[in-house]
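File shown here: query_9.cif, holding mmCIF, C-alpha atoms.
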data_my_file
loop_
_atom_site.label_atom_id
_atom_site.label_comp_id
_atom_site.auth_asym_id
_atom_site.auth_seq_id
_atom_site.Cartn_x
_atom_site.Cartn_y
_atom_site.Cartn_z
CA ALA A 1 -29.63 7.41 0.45
CA GLN A 2 -26.36 5.84 1.53
CA LYS A 3 -23.30 6.79 -0.42
CA VAL A 4 -19.52 6.99 -0.19
CA THR A 5 -17.61 9.61 -2.15
CA GLN A 6 -13.91 9.54 -2.80
CA ALA A 7 -13.36 12.65 -4.87
CA GLN A 8 -9.67 12.01 -5.52
CA THR A 9 -9.39 9.57 -8.38
CA GLU A 10 -5.60 9.49 -8.61
CA ILE A 11 -2.83 10.89 -6.45
CA SER A 12 0.91 10.81 -7.05
CA VAL A 13 3.44 11.67 -4.38
CA VAL A 14 7.18 11.37 -4.06
CA GLU A 15 8.44 8.86 -1.56
CA LYS A 16 8.56 10.15 2.04
CA GLU A 17 5.86 12.75 1.43
CA ASP A 18 2.70 12.65 3.52
CA VAL A 19 -0.59 12.08 1.72
CA THR A 20 -4.23 12.30 2.80
CA LEU A 21 -7.01 10.36 1.11
CA ASP A 22 -10.45 11.88 1.52
CA CYS A 23 -13.70 10.05 2.17
CA VAL A 24 -17.14 11.58 2.58
CA TYR A 25 -20.16 9.45 3.36
CA GLU A 26 -23.92 9.84 3.49
CA THR A 27 -26.33 7.86 5.63
CA ARG A 28 -29.53 8.46 7.56
CA ASP A 29 -28.73 5.74 10.06
CA THR A 30 -27.39 6.70 13.47
CA THR A 31 -25.48 3.43 13.79
CA TYR A 32 -23.08 2.64 11.02
CA TYR A 33 -19.53 1.48 10.41
CA LEU A 34 -16.79 2.88 8.23
CA PHE A 35 -13.87 0.99 6.77
CA TRP A 36 -10.76 1.52 4.71
CA TYR A 37 -9.41 -1.20 2.43
CA LYS A 38 -6.27 -1.36 0.32
CA GLN A 39 -6.19 -3.06 -3.08
CA PRO A 40 -2.59 -3.51 -4.24
CA PRO A 41 -1.76 -4.34 -7.85
CA SER A 42 -2.04 -8.04 -6.99
CA GLY A 43 -5.78 -7.41 -6.60
CA GLU A 44 -6.85 -8.75 -3.21
CA LEU A 45 -8.62 -6.27 -0.96
CA VAL A 46 -6.94 -5.92 2.41
CA PHE A 47 -8.72 -4.56 5.48
CA LEU A 48 -7.03 -1.58 7.15
CA ILE A 49 -9.40 -0.13 9.75
CA ARG A 50 -12.99 -0.13 11.04
CA ARG A 51 -14.75 2.67 12.91
CA ASN A 52 -18.26 2.73 14.36
CA SER A 53 -20.39 5.83 14.34
CA PHE A 54 -20.13 6.32 18.10
CA ASP A 55 -16.36 6.37 18.22
CA GLU A 56 -14.88 9.58 16.89
CA GLN A 57 -11.44 9.04 18.34
CA ASN A 58 -8.75 9.36 15.77
CA GLU A 59 -6.47 6.40 15.36
CA ILE A 60 -2.83 5.98 14.51
CA SER A 61 -1.21 2.75 13.43
CA GLY A 62 2.40 3.14 12.48
CA ARG A 63 2.54 5.44 9.45
CA TYR A 64 -1.24 5.30 9.03
CA SER A 65 -3.73 7.58 10.75
CA TRP A 66 -7.45 8.14 10.40
CA ASN A 67 -9.52 11.23 11.14
CA PHE A 68 -13.24 10.60 11.68
CA GLN A 69 -15.47 13.69 11.89
CA LYS A 70 -19.21 13.12 12.11
CA SER A 71 -19.89 16.84 11.80
CA THR A 72 -18.57 16.80 8.24
CA SER A 73 -19.36 13.12 7.51
CA SER A 74 -15.75 12.48 6.69
CA PHE A 75 -13.36 9.65 7.42
CA ASN A 76 -9.99 10.65 6.00
CA PHE A 77 -6.87 8.53 5.84
CA THR A 78 -3.32 9.87 6.08
CA ILE A 79 -0.14 8.04 5.21
CA THR A 80 2.95 9.62 6.73
CA ALA A 81 6.35 9.27 5.06
CA SER A 82 4.90 7.35 2.12
CA GLN A 83 6.75 4.39 0.65
CA VAL A 84 6.65 2.74 -2.75
CA VAL A 85 4.86 -0.25 -1.20
CA ASP A 86 1.95 2.06 -0.36
CA SER A 87 1.12 2.28 -4.06
CA ALA A 88 -2.35 0.81 -4.39
CA VAL A 89 -6.01 1.69 -4.76
CA TYR A 90 -7.60 2.63 -1.44
CA PHE A 91 -11.31 2.22 -0.84
CA CYS A 92 -13.46 3.77 1.82
CA ALA A 93 -16.59 1.76 2.69
CA LEU A 94 -19.78 2.21 4.69
CA SER A 95 -21.82 -0.49 6.40
CA SER A 96 -25.28 0.83 7.11
CA GLY A 97 -28.42 -1.18 7.70
CA ASN A 98 -27.90 -4.44 5.86
CA GLN A 99 -26.13 -2.90 2.91
CA PHE A 100 -22.51 -2.22 2.17
CA TYR A 101 -21.22 0.64 0.08
CA PHE A 102 -17.77 1.20 -1.33
CA GLY A 103 -16.41 4.40 -2.80
CA THR A 104 -14.88 4.42 -6.26
CA GLY A 105 -11.39 4.35 -4.79
CA THR A 106 -8.30 6.54 -4.88
CA SER A 107 -5.34 5.26 -6.82
CA LEU A 108 -2.15 6.23 -5.00
CA THR A 109 1.21 6.12 -6.75
CA VAL A 110 4.32 6.68 -4.69
CA ILE A 111 7.25 7.65 -6.86
CA PRO A 112 10.71 6.59 -5.66
CA ASP B 1 -4.86 -19.49 8.58
CA THR B 2 -6.72 -20.30 5.38
CA GLY B 3 -8.22 -17.27 3.75
CA VAL B 4 -11.24 -16.94 1.49
CA SER B 5 -10.83 -18.98 -1.67
CA GLN B 6 -12.70 -18.58 -4.91
CA ASP B 7 -12.94 -20.87 -7.88
CA PRO B 8 -12.35 -20.51 -10.75
CA ARG B 9 -9.94 -17.58 -10.97
CA HIS B 10 -10.95 -16.86 -14.54
CA LYS B 11 -14.01 -17.80 -16.55
CA ILE B 12 -14.51 -17.10 -20.23
CA THR B 13 -17.87 -17.92 -21.69
CA LYS B 14 -20.12 -17.06 -24.58
CA ARG B 15 -23.05 -14.74 -24.20
CA GLY B 16 -26.16 -16.60 -23.18
CA GLN B 17 -24.39 -19.36 -21.28
CA ASN B 18 -24.84 -20.02 -17.57
CA VAL B 19 -21.89 -19.78 -15.21
CA THR B 20 -21.39 -20.75 -11.58
CA PHE B 21 -18.73 -19.56 -9.18
CA ARG B 22 -17.76 -21.02 -5.83
CA CYS B 23 -16.57 -19.35 -2.66
CA ASP B 24 -15.13 -21.03 0.42
CA PRO B 25 -15.08 -18.58 3.34
CA ILE B 26 -12.84 -18.63 6.38
CA SER B 27 -14.16 -21.56 8.36
CA GLU B 28 -15.32 -19.81 11.53
CA HIS B 29 -16.99 -16.93 9.65
CA ASN B 30 -20.76 -17.16 9.51
CA ARG B 31 -21.26 -14.17 7.23
CA LEU B 32 -20.53 -14.41 3.52
CA TYR B 33 -20.80 -11.63 0.95
CA TRP B 34 -20.76 -11.38 -2.83
CA TYR B 35 -19.64 -8.28 -4.68
CA ARG B 36 -19.03 -7.32 -8.29
CA GLN B 37 -16.19 -5.02 -9.29
CA THR B 38 -15.63 -3.47 -12.70
CA LEU B 39 -12.54 -1.63 -13.84
CA GLY B 40 -12.01 1.64 -12.06
CA GLN B 41 -14.89 1.11 -9.66
CA GLY B 42 -15.27 0.02 -6.09
CA PRO B 43 -16.87 -3.30 -5.19
CA GLU B 44 -20.63 -3.26 -5.66
CA PHE B 45 -22.58 -5.20 -3.07
CA LEU B 46 -24.72 -8.03 -4.47
CA THR B 47 -25.90 -10.16 -1.56
CA TYR B 48 -24.94 -11.67 1.76
CA PHE B 49 -25.63 -14.70 3.93
CA GLN B 50 -25.68 -15.35 7.62
CA ASN B 51 -25.02 -19.06 7.83
CA GLU B 52 -27.33 -20.55 5.18
CA ALA B 53 -29.86 -17.71 5.21
CA GLN B 54 -29.67 -15.10 2.47
CA LEU B 55 -30.46 -11.92 4.39
CA GLU B 56 -30.11 -9.18 1.86
CA LYS B 57 -29.98 -8.72 -1.89
CA SER B 58 -29.08 -5.55 -3.72
CA ARG B 59 -31.91 -3.97 -5.65
CA LEU B 60 -29.50 -3.88 -8.55
CA LEU B 61 -29.27 -7.67 -8.61
CA SER B 62 -30.94 -9.03 -11.72
CA ASP B 63 -33.15 -12.09 -11.41
CA ARG B 64 -30.61 -13.87 -13.62
CA PHE B 65 -28.36 -13.95 -10.56
CA SER B 66 -28.88 -16.45 -7.79
CA ALA B 67 -26.75 -17.35 -4.81
CA GLU B 68 -26.86 -20.21 -2.36
CA ARG B 69 -25.07 -21.29 0.75
CA PRO B 70 -26.67 -24.67 1.34
CA LYS B 71 -24.97 -25.76 4.55
CA GLY B 72 -23.72 -22.47 5.82
CA SER B 73 -20.23 -23.18 4.58
CA PHE B 74 -19.30 -22.63 0.91
CA SER B 75 -21.45 -20.53 -1.39
CA THR B 76 -22.20 -20.52 -5.10
CA LEU B 77 -23.17 -17.62 -7.32
CA GLU B 78 -24.89 -18.51 -10.58
CA ILE B 79 -25.51 -16.18 -13.49
CA GLN B 80 -27.99 -17.41 -16.07
CA ARG B 81 -28.12 -16.27 -19.69
CA THR B 82 -24.99 -14.19 -19.35
CA GLU B 83 -24.79 -10.80 -21.03
CA GLN B 84 -21.86 -8.62 -22.06
CA GLY B 85 -22.51 -6.35 -19.10
CA ASP B 86 -21.87 -9.22 -16.70
CA SER B 87 -18.16 -9.08 -17.47
CA ALA B 88 -16.52 -8.14 -14.18
CA MET B 89 -14.55 -9.41 -11.23
CA TYR B 90 -16.80 -11.25 -8.77
CA LEU B 91 -15.53 -11.00 -5.22
CA CYS B 92 -16.46 -13.05 -2.21
CA ALA B 93 -15.81 -11.98 1.37
CA SER B 94 -16.52 -13.36 4.81
CA SER B 95 -16.65 -12.03 8.35
CA ARG B 96 -17.27 -13.38 11.82
CA THR B 97 -20.34 -11.30 12.50
CA ILE B 98 -22.08 -8.27 11.12
CA ASN B 99 -19.94 -5.18 10.79
CA GLN B 100 -16.74 -7.03 11.49
CA PRO B 101 -13.97 -6.58 8.90
CA GLN B 102 -14.60 -8.53 5.75
CA HIS B 103 -11.84 -10.74 4.41
CA PHE B 104 -11.83 -10.93 0.64
CA GLY B 105 -10.87 -13.66 -1.78
CA ASP B 106 -8.88 -13.09 -4.96
CA GLY B 107 -12.05 -13.00 -7.04
CA THR B 108 -13.30 -14.70 -10.18
CA ARG B 109 -12.81 -12.73 -13.36
CA LEU B 110 -15.67 -13.30 -15.79
CA SER B 111 -15.28 -12.46 -19.45
CA ILE B 112 -18.23 -12.71 -21.81
CA LEU B 113 -17.40 -13.19 -25.48
#
Translate this file's structure into structure tokens.
Amino acid sequence: AQKVTQAQTEISVVEKEDVTLDCVYETRDTTYYLFWYKQPPSGELVFLIRRNSFDEQNEISGRYSWNFQKSTSSFNFTITASQVVDSAVYFCALSSGNQFYFGTGTSLTVIP
Amino acid sequence: DTGVSQDPRHKITKRGQNVTFRCDPISEHNRLYWYRQTLGQGPEFLTYFQNEAQLEKSRLLSDRFSAERPKGSFSTLEIQRTEQGDSAMYLCASSRTINQPQHFGDGTRLSIL
């Protein structure tokens, strides 16, 4: 069965700290895609990154970086030098077959 | 660039009534998705369209729910005989092709009295 697990329900950090959001997925498919989305307090989901199952290169975009490891079925997201504007709920998602699965989200609060 | 728009933003209705929501995707996107999100949960996939064809429906989708995309542009989601458990945020998203990033609308919040 396909599934996305985000074990961290809530995380609080002080501004400028680094924080890693964990994502573990399950799928039997060999071809699949993984995503991270941000949902700020305003509510609209915003796309952050997409990875396909054949591309295990880590990616860095500014203060954001992603670590994809097929061996552990994980796709973790790190924010470096966190800022108050990073406060939001972050969702990891899996596209596998013709279905789409979101995790339950991690609520990140960055304290000034 | 016009994003995904959903109408209405809020809908309050009595249990047992029918409701219909509309979604206008980004114009060049041929894939359109419907999700439901309840408080503290991630979006739950309901169904999706490629152009006017409905390609997949979640097994969790009750037969009281029906979706259409008649001309491959806007889509409607109808819930018949609403129940308390239908209270949620209904999200629409669109993408260019399969597995491309989905762009989400602001959602329609449904409250059942």
Exercise. Using the chain letters and numbering of this document, enumerate as an NGL selection string the residues selected by the PyMOL selection byres ((chain B and resi 26) around 9).
Key: :B and (1-5 or 24-25 or 27-30 or 73 or 93-96 or 103)
Self-check item: Proximal residues of chain B relative to chain A (all atoms listed in the file; 9 Å) as a ChimeraX atom specification
Solution: /B:40-45,47-48,55-58,98-107
Do a neighbour search on Arg64 (chain B) at 10 Å with only C-alpha atoms, toss out local chain neighbours closer than 5 positions, and write the hits as a PDB file with C-alpha atoms, in the frame of the given file.
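Below is the file around_15.pdb, written as the result:
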ATOM      1  CA  ASN B  18     -24.840 -20.020 -17.570  1.00  0.00           C
ATOM      2  CA  GLU B  78     -24.890 -18.510 -10.580  1.00  0.00           C
ATOM      3  CA  ILE B  79     -25.510 -16.180 -13.490  1.00  0.00           C
ATOM      4  CA  GLN B  80     -27.990 -17.410 -16.070  1.00  0.00           C
ATOM      5  CA  ARG B  81     -28.120 -16.270 -19.690  1.00  0.00           C
ATOM      6  CA  THR B  82     -24.990 -14.190 -19.350  1.00  0.00           C
ATOM      7  CA  GLU B  83     -24.790 -10.800 -21.030  1.00  0.00           C
TER       8      GLU B  83
END
Return the padded bounding box of region 36-44 of chain A as AutoDock Vina command-line options: axis-aligned, built from all atoms listed in the file, 3 Å added on each side, with centre and edge lengths in Å to one decimal.
--center_x -6.3 --center_y -3.6 --center_z -1.6 --size_x 15.0 --size_y 16.3 --size_z 18.6
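With distances taken over all atoms listed in the file, B:Gln84 is the one residue among B:Tyr90, B:Val19, B:Gln84, B:Ser75 lying closest to Ile112 (chain B).
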Exercise. Give me, please, the distance in Å between CA of Asn76 (chain A) and CA of Arg28 (chain A), quoted to one decimal.
Key: 19.7 Å
Quiz prompt | Between CA of Ala53 (chain B) and CA of Thr31 (chain A), distance in Å (one decimal) | solution =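 We find that CA of Ala53 (chain B) and CA of Thr31 (chain A) lie 23.2 Å from each other.
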As a check of understanding, name the residues that the PyMOL selection byres ((chain A and resi 55) around 10) selects in the supplied structure, as a short mmCIF file (atom, residue, chain, number, x, y, z; two decimals) with C-alpha atoms, keeping the file's coordinate frame.
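What follows is the written file expr.cif:
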data_model
loop_
_atom_site.label_atom_id
_atom_site.label_comp_id
_atom_site.auth_asym_id
_atom_site.auth_seq_id
_atom_site.Cartn_x
_atom_site.Cartn_y
_atom_site.Cartn_z
CA TYR A 33 -19.53 1.48 10.41
CA ARG A 51 -14.75 2.67 12.91
CA ASN A 52 -18.26 2.73 14.36
CA SER A 53 -20.39 5.83 14.34
CA PHE A 54 -20.13 6.32 18.10
CA GLU A 56 -14.88 9.58 16.89
CA GLN A 57 -11.44 9.04 18.34
CA ASN A 58 -8.75 9.36 15.77
CA PHE A 68 -13.24 10.60 11.68
CA GLN A 69 -15.47 13.69 11.89
CA LYS A 70 -19.21 13.12 12.11
#
Practice problem: Check which residues satisfy the PyMOL selection byres ((chain A and resi 88) around 8) in the file shown, then give them as an MDAnalysis selection string. | Solution: chainID A and resid 38:41 85:87 89:90 107:109
Self-check item: Point-to-point distance in Å for CA of Ser71 (chain A) and CA of Gln2 (chain A)
Solution: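 Pair CA of Gln2 (chain A) / CA of Ser71 (chain A) returns 16.4 Å.
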